[in-house]
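K.L.:
Below: one structure in structure tokens.
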Amino acid sequence: MKEIIAIIRPKMMIKTKEVLDSLGFPAMTAQRVMGRGKQKAIIQEVSFDIEKTELLEEEGSMRYIPKRMITLVVPDEDFNLVVETIMKINCTGKIGDGKIFVCPLDEAIRVRTEERGQKALV
Amino acid sequence: MKMIRAIIRPDMTEQVVDSLADEGFVALTKMNVIGRGKQKGIHLDNIYYDEIPKTMLMLVADEDQTEKIVSIINEKAYTGNFGDGKVFISPVDESYTVRTRSKGL
């Protein structure tokens, strides 16, 4: 099993959920987080208009950018598909599209039935 | 690659983040969490706080840089009292950048 942690733009959430749903991965955990990347949070990542144009180019003009973090657990053979899908939907070409991390995961347990492993995922 | 998750005092966050940025570790994610440690929260006379607000910093770095990051966090988040926090390190198999669709940090 693999745990996929993706940090994406909040406004791409609905579309991402719809497409993952149609591929058969409806289960996920989402969280509102703040973050920044290599560029140290540049202000053009936010969606509203900014009057001071000199701020747009400056690095570090904003401390953090609001992001959405989604966590999915998928079987080993499916993680490539999910990663490719998330990348395809969220790619706008501008800085701040996000990052995806794939981590190994030992065990999954469904609380209601105490099923373990792959069975707990489907 | 390793993922470093540090749970620290909320008021120490900016200090830690700035020191990490000075050393070149700019990219990170922070989130507000609540939790408790071995002391089961805080007992103050008759008042019992079960869940204490904390900040979790999450960053992914190459394996040889983890020790440096951990030592920066340890140094800057330290007060010597209970509740300074914990640092967890876990493996990451792969990482992707969405904009360039490339593998790697």
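Residue numbering restarts at 1 for every chain of the structure tokens, chains are lettered A, B, ... in their displayed order, and ligands are numbered from 1 as they appear.
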If you run DSSP over the backbone, which residues in chain A end up strand (DSSP E or B)? Put them as a ChimeraX atom specification.

P.N.:
/A:2-8,29-36,65-74,99-104,109,116

K.L.:
When the cut-off is 9 Å and we count only C-alpha atoms, which residues of chain A are near chain B, given as a PyMOL selection string?

P.N.:
chain A and resi 7-8+31-41+64+67+83-84+86-88+90-104

K.L.:
Step one, run DSSP on the backbone; step two, keep only residues of chain B assigned to helix (DSSP H, G or I); then write them as a ChimeraX atom specification.

P.N.:
/B:10-22,63-76

K.L.:
What's around region 50-54 of chain B at 10 Å? Count only C-alpha atoms, leave out sequence neighbours fewer than 6 positions away in its own chain, and write the answer as a PyMOL selection string.

P.N.:
chain B and resi 6-13+31-37+39-43+83-85

K.L.:
With only C-alpha atoms as the counted atoms, please give the residues lying no more than 10 Å from region 72-78 of chain A, apart from itself and same-chain residues fewer than 4 positions off, as a ChimeraX atom specification.

P.N.:
/A:1-6,25-30,82-83,102-105,108,117-118,121-122

K.L.:
Rounded to one decimal, what separation in Å do you get between CA of Lys17 (chain A) and CA of Leu81 (chain A)?

P.N.:
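Atom-to-atom, CA of Lys17 (chain A) and CA of Leu81 (chain A) are spaced 14.5 Å apart.
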